[in-house]
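Visitor: Let me begin by handing over the structure; questions about it come next.
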Amino acid sequence: MKEHLPAVCTPATTAENWPQRREQLIELLEQNVFGRTPRGGFETRAELLERTAATACDAVRERYRVTVRTQRGEASLHLALLLPRTAQRVPAVLMISNHDKAPAPAPKPDEAMLARLMAEAPKAWRAETQRMMAGMHGGTPQLLDIDRDEAQEYWPAAKIAASGRAAAAFYASEAQPDDQTRFPEALAALLTEPGAPRAANGIGTLGVWAFAASRMVDVLCGHERIDAGRISVAGHSRGGKTALWCAAQDTRIRGVLANNSGCTGAALSRGKRGENVASINAFFPHWFCPRYGQYAWREAEMPFDQHMLLAAVAPRLCYVTSGTQDAWSDPDAEWRGICEASAAWRLLGRQGLAGDAPRAGEPLRTDGVGYHRREGGHDLTAWDWAQFLAFLEQNNA
Ligand code: GTR
């Protein structure tokens, strides 16, 4: 369904004025979806806590305490880094981990918002949303130890280092726990007015996570072993949405790897199946600015859509993935997102993607965007990582 899809490039957009158009796209997404990101008034510093030899590969492991200071105080996050042993500066991949080291309680929905959205919702939506959420909120928490370099499918740090790249990772929850009853804490508390109700365009949890990722990029850019022009960010699902928003805003980032990012990630909201603007705002209102919830069931009125999030990365590198059985994310909506966003890459003289979605297992890689569909569900696997590394390799990133 393409009716009323606002265009990424207007008739007045040219390659020369693309930077201004890009700013407009960021502004639309800030005001309506993710909330306003601070442009200044903060400082980042890093303290090296530990440097050791890696256990699973020929690399050096470093652990940092990264402290962000604003006029309201300081918050610290932990950055794990695995550096291949080589004399040259290396590219880096930064993982925004939405998996924690220890089990954390699953985020609880906002009951009032949920009741309101449920009352307005079609019957089939209510049943599907409740079924999905029961699974999500009752499931076993997925864990990740970012300080380990041994084989972990979800975050194969040793494989990334073996490919000649630094593998960096941090826990999003250290910037702000994923819980609407606890917003704002940690870094989020330094970015919001204490005690004030959230403004319609006030930063949400994903905005705080994206801001935190950019502070990690501050540290990576200043690292003597890292090539500051070749830093990519990666994330899965809510981490994928965050990686896209971070790369859209932060032009120091060379590429983004957005895995199964779905609703409010790579998937166009217009005509989307599975999770939609209503369900995501019902269950995760804290992820976004309050204004976003007003678009529940009103997608046609949105002055934006998710192709604009992807397009704001152009002409840098943007790779989107889907799982064939990840219906909640909607693989076809993710494919339409990257195809519609491709107008920006084409404007800037790069190849875009168009036409029918590729078959599962047949990745598409260009000099700007890339896409694959993996056989299977909502997951980040060794096969996904192999394709990410091939895409980065092809583009010298
Ligand atoms: C779900 C949510 C999705 C996706 C996913 C995840 O609860 O509906 O948008 O972000 O979480 O992060 O695994």
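Identifiers in this document derive from the order of the structure tokens: chains are assigned A, B, ..., residues are numbered from 1 separately in each chain, and ligands are numbered from 1 in order of occurrence.
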Please return as a count of residues only the residues found within 10 Å of ligand 1, counting only C-alpha atoms and all ligand atoms.
Guide: 41
Visitor: Quick one: residues within 8 Å of range 165-180 of chain A, only C-alpha atoms counted, chain neighbours fewer than 2 positions away excluded, as JSON, numbers by chain?
Guide: {"A": [75, 76, 77, 78, 79, 80, 81, 82, 83, 84, 90, 91, 92, 93, 94, 95, 96, 97, 98, 99, 100, 106, 107, 108, 109, 110, 146, 157, 158, 160, 161, 162, 163, 182, 183, 184, 185, 186, 187, 188, 205, 208, 209, 212, 226, 284, 285, 286]}
Visitor: List every residue of range 251-369 of chain A that DSSP, applied to the backbone of this structure, assigns to strand (DSSP E), and report them as an mmCIF file with C-alpha atoms, in the first residue's frame.
Guide:
data_model
loop_
_atom_site.group_PDB
_atom_site.id
_atom_site.type_symbol
_atom_site.label_atom_id
_atom_site.label_comp_id
_atom_site.auth_asym_id
_atom_site.auth_seq_id
_atom_site.Cartn_x
_atom_site.Cartn_y
_atom_site.Cartn_z
ATOM 1 C CA GLY A 255 27.437 2.124 8.014
ATOM 2 C CA VAL A 256 24.512 0.569 9.815
ATOM 3 C CA LEU A 257 23.583 -3.110 10.096
ATOM 4 C CA ALA A 258 19.916 -3.281 11.134
ATOM 5 C CA ASN A 259 18.787 -6.815 11.845
ATOM 6 C CA LEU A 317 26.038 2.299 4.091
ATOM 7 C CA CYS A 318 22.738 0.793 5.180
ATOM 8 C CA TYR A 319 22.042 -2.941 5.412
ATOM 9 C CA VAL A 320 18.606 -4.266 6.342
ATOM 10 C CA THR A 321 17.592 -7.856 7.071
ATOM 11 C CA SER A 322 14.420 -9.875 7.496
ATOM 12 C CA GLY A 323 13.553 -13.379 8.685
ATOM 13 C CA LEU A 364 21.835 -8.210 -2.247
ATOM 14 C CA ARG A 365 24.813 -5.902 -1.796
ATOM 15 C CA VAL A 369 22.353 -0.304 0.539
#
Visitor: Which residue, A:Ala151, A:Val313, A:Glu224, A:Asp384, has the smallest gap to Arg21 in chain A when you use only C-alpha atoms?
Guide: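 Using only C-alpha atoms, the shortest distance to Arg21 in chain A belongs to A:Val313.
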Visitor: Could you go through range 229-372 of chain A and tell me which residues DSSP, when run on the backbone, assigns to alpha helix (DSSP H), listing them as JSON, numbers by chain?
Guide: {"A": [238, 239, 240, 241, 242, 243, 244, 245, 246, 247, 248, 249, 277, 278, 279, 280, 281, 282, 283, 306, 307, 308, 309, 310, 311, 331, 332, 333, 334, 335, 336, 337, 338, 339, 340, 341, 342, 343, 344, 345, 346, 347]}
Visitor: Could you check the closest approach to Ala266 in chain A for each of A:Met118, A:Ile338, A:Val233, A:Ile253 and tell me which residue wins, using only C-alpha atoms?
Guide: A:Ile338
